[in-house]
$ cat work03.txt   # compact mmCIF, C-alpha atoms
# COMPACT_ATOMS: atom_id res chain seq x y z
CA MET A 1 194.48 -46.88 45.88
CA PHE A 2 193.75 -48.79 49.10
CA THR A 3 194.27 -45.71 51.26
CA THR A 4 191.09 -43.97 50.03
CA PRO A 5 188.64 -46.66 51.24
CA GLU A 6 190.55 -46.85 54.51
CA GLN A 7 190.41 -43.07 54.86
CA LEU A 8 186.73 -43.08 54.01
CA SER A 9 186.12 -45.78 56.61
CA LYS A 10 188.05 -43.84 59.27
CA ALA A 11 186.21 -40.61 58.44
CA THR A 12 182.86 -42.37 58.53
CA LYS A 13 183.66 -43.96 61.88
CA ALA A 14 184.81 -40.63 63.29
CA SER A 15 181.63 -38.96 62.04
CA ILE A 16 179.40 -41.65 63.56
CA ASP A 17 181.31 -41.46 66.86
CA THR A 18 180.92 -37.69 66.88
CA GLN A 19 177.19 -37.89 66.16
CA LEU A 20 176.64 -40.51 68.87
CA ALA A 21 178.54 -38.40 71.38
CA ALA A 22 176.47 -35.36 70.39
CA MET A 23 173.20 -37.26 70.75
CA ASN A 24 174.28 -38.58 74.15
CA GLU A 25 175.27 -35.11 75.32
CA LEU A 26 171.99 -33.56 74.15
CA ALA A 27 169.93 -36.37 75.68
CA THR A 28 171.72 -35.93 79.01
CA LYS A 29 171.07 -32.18 78.94
CA ALA A 30 167.42 -32.73 77.99
CA LEU A 31 166.92 -35.18 80.87
CA HIS A 32 168.56 -32.78 83.29
CA SER A 33 166.22 -29.99 82.15
CA VAL A 34 163.18 -32.25 82.45
CA ALA A 35 164.29 -33.17 85.98
CA GLU A 36 164.53 -29.47 86.86
CA LEU A 37 161.02 -28.88 85.50
CA VAL A 38 159.67 -31.84 87.47
CA GLU A 39 161.28 -30.51 90.66
CA LEU A 40 159.77 -27.08 90.00
CA ASN A 41 156.33 -28.60 89.40
CA ILE A 42 156.49 -30.71 92.56
CA ALA A 43 157.59 -27.75 94.68
CA THR A 44 154.88 -25.58 93.12
CA ALA A 45 152.22 -28.23 93.73
CA LYS A 46 153.26 -28.62 97.38
CA GLU A 47 153.24 -24.86 97.91
CA SER A 48 149.90 -24.52 96.14
CA LEU A 49 148.31 -27.23 98.28
CA ALA A 50 149.59 -25.65 101.48
CA HIS A 51 148.38 -22.22 100.36
CA THR A 52 144.97 -23.60 99.34
CA GLN A 53 144.58 -25.36 102.67
CA SER A 54 145.46 -22.18 104.55
CA ALA A 55 143.10 -20.08 102.44
CA ALA A 56 140.29 -22.61 102.92
CA GLN A 57 140.81 -22.54 106.70
CA GLN A 58 140.65 -18.74 106.66
CA MET A 59 137.49 -18.73 104.54
CA LEU A 60 135.81 -21.29 106.78
CA SER A 61 136.49 -19.04 109.75
CA ALA A 62 134.87 -16.02 108.04
CA LYS A 63 132.08 -14.52 110.12
CA ASP A 64 129.93 -13.18 107.30
CA ALA A 65 129.71 -12.83 103.52
CA GLN A 66 131.68 -9.58 103.47
CA ASP A 67 134.53 -11.23 105.36
CA LEU A 68 134.43 -14.11 102.90
CA MET A 69 134.57 -11.76 99.89
CA SER A 70 137.41 -9.80 101.46
CA LEU A 71 139.42 -12.95 102.10
CA SER A 72 138.70 -14.24 98.62
CA SER A 73 139.79 -11.05 96.89
CA SER A 74 142.93 -10.82 99.04
CA GLN A 75 144.06 -14.17 97.56
CA ALA A 76 144.00 -12.97 93.94
CA GLN A 77 147.15 -10.83 93.94
CA PRO A 78 149.44 -13.34 95.70
CA GLY A 79 148.12 -16.09 93.41
CA ALA A 80 148.91 -14.06 90.31
CA GLU A 81 152.37 -13.24 91.66
CA LYS A 82 153.04 -16.91 92.30
CA ALA A 83 151.90 -17.81 88.79
CA LEU A 84 154.24 -15.19 87.34
CA ALA A 85 157.12 -16.47 89.50
CA TYR A 86 156.43 -20.02 88.31
CA ALA A 87 156.37 -18.90 84.67
CA ARG A 88 159.66 -17.04 85.12
CA HIS A 89 161.32 -20.03 86.76
CA ALA A 90 160.07 -22.40 84.05
CA ALA A 91 161.22 -19.96 81.37
CA ALA A 92 164.65 -19.74 83.01
CA ILE A 93 164.97 -23.54 82.91
CA VAL A 94 163.94 -23.63 79.25
CA THR A 95 166.24 -20.72 78.40
CA LYS A 96 169.20 -22.41 80.09
CA ALA A 97 168.49 -25.69 78.29
CA GLN A 98 168.18 -23.95 74.94
CA ALA A 99 171.45 -22.08 75.53
CA GLU A 100 173.21 -25.34 76.39
CA PHE A 101 171.75 -27.05 73.31
CA THR A 102 172.84 -24.16 71.11
CA LYS A 103 176.36 -24.13 72.55
CA SER A 104 176.70 -27.88 72.12
CA THR A 105 175.24 -27.81 68.62
CA GLU A 106 177.54 -25.00 67.52
CA ALA A 107 180.58 -26.89 68.84
CA ARG A 108 179.49 -30.12 67.11
CA ILE A 109 178.77 -28.33 63.86
CA GLY A 110 182.23 -26.83 63.86
CA GLU A 111 183.80 -30.22 64.57
CA THR A 112 181.70 -32.01 61.95
CA THR A 113 182.40 -29.33 59.34
CA LYS A 114 186.12 -29.70 59.96
CA GLN A 115 185.88 -33.49 59.55
CA VAL A 116 183.81 -33.22 56.36
CA ASN A 117 186.20 -30.68 54.85
CA GLN A 118 189.18 -32.90 55.70
CA LEU A 119 187.42 -35.85 54.07
CA ILE A 120 186.67 -33.81 50.96
CA ASP A 121 190.29 -32.66 50.77
CA GLU A 122 191.55 -36.23 51.13
CA LEU A 123 189.12 -37.55 48.54
CA SER A 124 189.94 -34.75 46.13
CA LYS A 125 193.62 -35.69 46.25
CA ALA A 126 192.79 -39.17 44.97
CA ALA A 127 190.07 -38.01 42.57
CA PRO A 128 190.63 -38.45 38.86
CA ALA A 129 191.65 -35.53 36.70
CA GLY A 130 188.74 -33.32 35.68
CA SER A 131 186.75 -33.79 38.89
CA GLU A 132 187.75 -30.43 40.33
CA GLN A 133 184.34 -28.99 39.50
CA ALA A 134 182.54 -31.77 41.39
CA VAL A 135 184.82 -31.25 44.42
CA ALA A 136 184.17 -27.50 44.32
CA MET A 137 180.43 -28.14 44.13
CA LEU A 138 180.67 -30.49 47.13
CA LYS A 139 182.59 -27.88 49.14
CA THR A 140 179.98 -25.26 48.21
CA SER A 141 177.20 -27.59 49.33
CA VAL A 142 178.89 -28.09 52.71
CA ALA A 143 179.37 -24.32 53.09
CA ASN A 144 175.71 -23.68 52.22
CA ALA A 145 174.54 -26.31 54.69
CA ASN A 146 176.66 -24.68 57.40
CA ALA A 147 175.21 -21.28 56.56
CA ALA A 148 171.68 -22.68 56.84
CA VAL A 149 172.44 -24.20 60.25
CA GLU A 150 173.99 -20.92 61.42
CA GLN A 151 170.81 -19.09 60.38
CA MET A 152 168.71 -21.64 62.26
CA VAL A 153 170.81 -21.17 65.40
CA LYS A 154 170.59 -17.39 65.01
CA GLY A 155 166.80 -17.63 64.63
CA SER A 156 166.45 -19.76 67.76
CA LYS A 157 168.55 -17.27 69.72
CA GLN A 158 166.32 -14.43 68.50
CA ALA A 159 163.18 -16.37 69.42
CA LEU A 160 164.57 -17.03 72.89
CA SER A 161 165.47 -13.37 73.32
CA SER A 162 161.97 -12.39 72.22
CA MET A 163 160.45 -14.79 74.76
CA GLU A 164 162.59 -13.35 77.55
CA ASN A 165 161.61 -9.81 76.56
CA SER A 166 157.93 -10.81 76.56
CA PHE A 167 158.22 -12.23 80.07
CA ASP A 168 159.95 -9.06 81.23
CA GLU A 169 157.24 -6.92 79.66
CA VAL A 170 154.45 -8.95 81.25
CA ALA A 171 156.22 -8.78 84.59
CA SER A 172 156.64 -5.01 84.34
CA HIS A 173 152.93 -4.54 83.57
CA PHE A 174 151.98 -6.84 86.44
CA THR A 175 154.20 -5.08 88.96
CA ALA A 176 153.06 -1.68 87.68
CA ALA A 177 149.44 -2.71 88.28
CA LYS A 178 150.17 -3.93 91.80
CA PRO A 179 150.47 -0.51 93.54
CA ALA A 180 147.26 0.68 91.87
CA ARG A 181 145.36 -2.26 93.34
CA SER A 182 146.70 -1.74 96.82
CA LYS A 183 145.43 1.87 96.87
CA LYS A 184 141.80 0.77 96.50
$ encode --input "work03.txt" --output "structure tokens"
Amino acid sequence: MFTTPEQLSKATKASIDTQLAAMNELATKALHSVAELVELNIATAKESLAHTQSAAQQMLSAKDAQDLMSLSSSQAQPGAEKALAYARHAAAIVTKAQAEFTKSTEARIGETTKQVNQLIDELSKAAPAGSEQAVAMLKTSVANANAAVEQMVKGSKQALSSMENSFDEVASHFTAAKPARSKK
């Protein structure tokens, strides 16, 4: 009779330890991704300032209004290309972070499910006669919860894939428009 509370205590401790480790792992990955985004933003800001300074110098040296308009319009295409490159890089960082979160979450879910099922099996051994239906209902609830989480993970993977496809489509339209502009 004393083994069940001890087993419950051990299982609870193991579950809490697992959850704390998972939260620590996800927080570390999130901070790493934020650091990558900050580095990207700083590099982009530096490059943008240098480019703006150079463009301003060129525009100040323009001899007439037509020169100024020509210089101004020549800046549009490279600016758009840089914006697209930035968006792709940011999306790559987000995609990598989401993939790492998904991988970690899937591993933790598998581990937690195993622990919960072991706990249910241990508790069912010490359960009074006639409680088989309650144990079966508990196992079904755990299985349904796992199925819901799997659907959520699958949905996030599909959303990520859709986002990547959208970026690729935008990029293909942008690069397809580029030769047409250079012919003018």
$ closest_residue --input "work03.txt" --among "A:Leu119, A:Ala126, A:Ala76, A:Ile109" --to "A:Glu150" --atoms "all atoms listed in the file"
A:Ile109
$ atom_distance --input "work03.txt" --atom1 "atom CA of A:Ala22" --atom2 "atom CA of A:Thr102"
11.8 Å
$ atom_distance --input "work03.txt" --atom1 "atom CA of A:Gly110" --atom2 "atom CA of A:Asn146"
8.8 Å
$ closest_atom_pairs --input "work03.txt" --of "stretch 59-176 of chain A" --to "stretch 9-16 of chain A" --cutoff "12 Å" --atoms "only C-alpha atoms" --output "CSV"
residue,atom,partner,partner_atom,distance
A:Arg108,CA,A:Ser15,CA,10.4
A:Ile109,CA,A:Ser15,CA,11.2
A:Glu111,CA,A:Ser15,CA,9.4
A:Thr112,CA,A:Ser15,CA,7.0
A:Thr113,CA,A:Ser15,CA,10.0
A:Lys114,CA,A:Ser15,CA,10.5
A:Gln115,CA,A:Ala11,CA,7.2
A:Val116,CA,A:Ala11,CA,8.0
A:Asn117,CA,A:Ala11,CA,10.6
A:Gln118,CA,A:Ala11,CA,8.7
A:Leu119,CA,A:Ala11,CA,6.6
A:Ile120,CA,A:Ala11,CA,10.1
A:Asp121,CA,A:Ala11,CA,11.8
A:Glu122,CA,A:Ala11,CA,10.1
A:Leu123,CA,A:Ala11,CA,10.8
$ atom_distance --input "work03.txt" --atom1 "atom CA of A:Gln151" --atom2 "atom CA of A:Ala97"
19.2 Å
$ residues_around --input "work03.txt" --residues "A:Ala90" --least-positions-apart "3" --cutoff "10 Å" --atoms "only C-alpha atoms" --output "PyMOL selection string"
chain A and resi 33+36-37+40-41+84-87+93-96
$ closest_residue --input "work03.txt" --among "A:Met59, A:Ala136, A:Ala91, A:Val38" --to "A:Leu160" --atoms "all atoms listed in the file"
A:Ala91
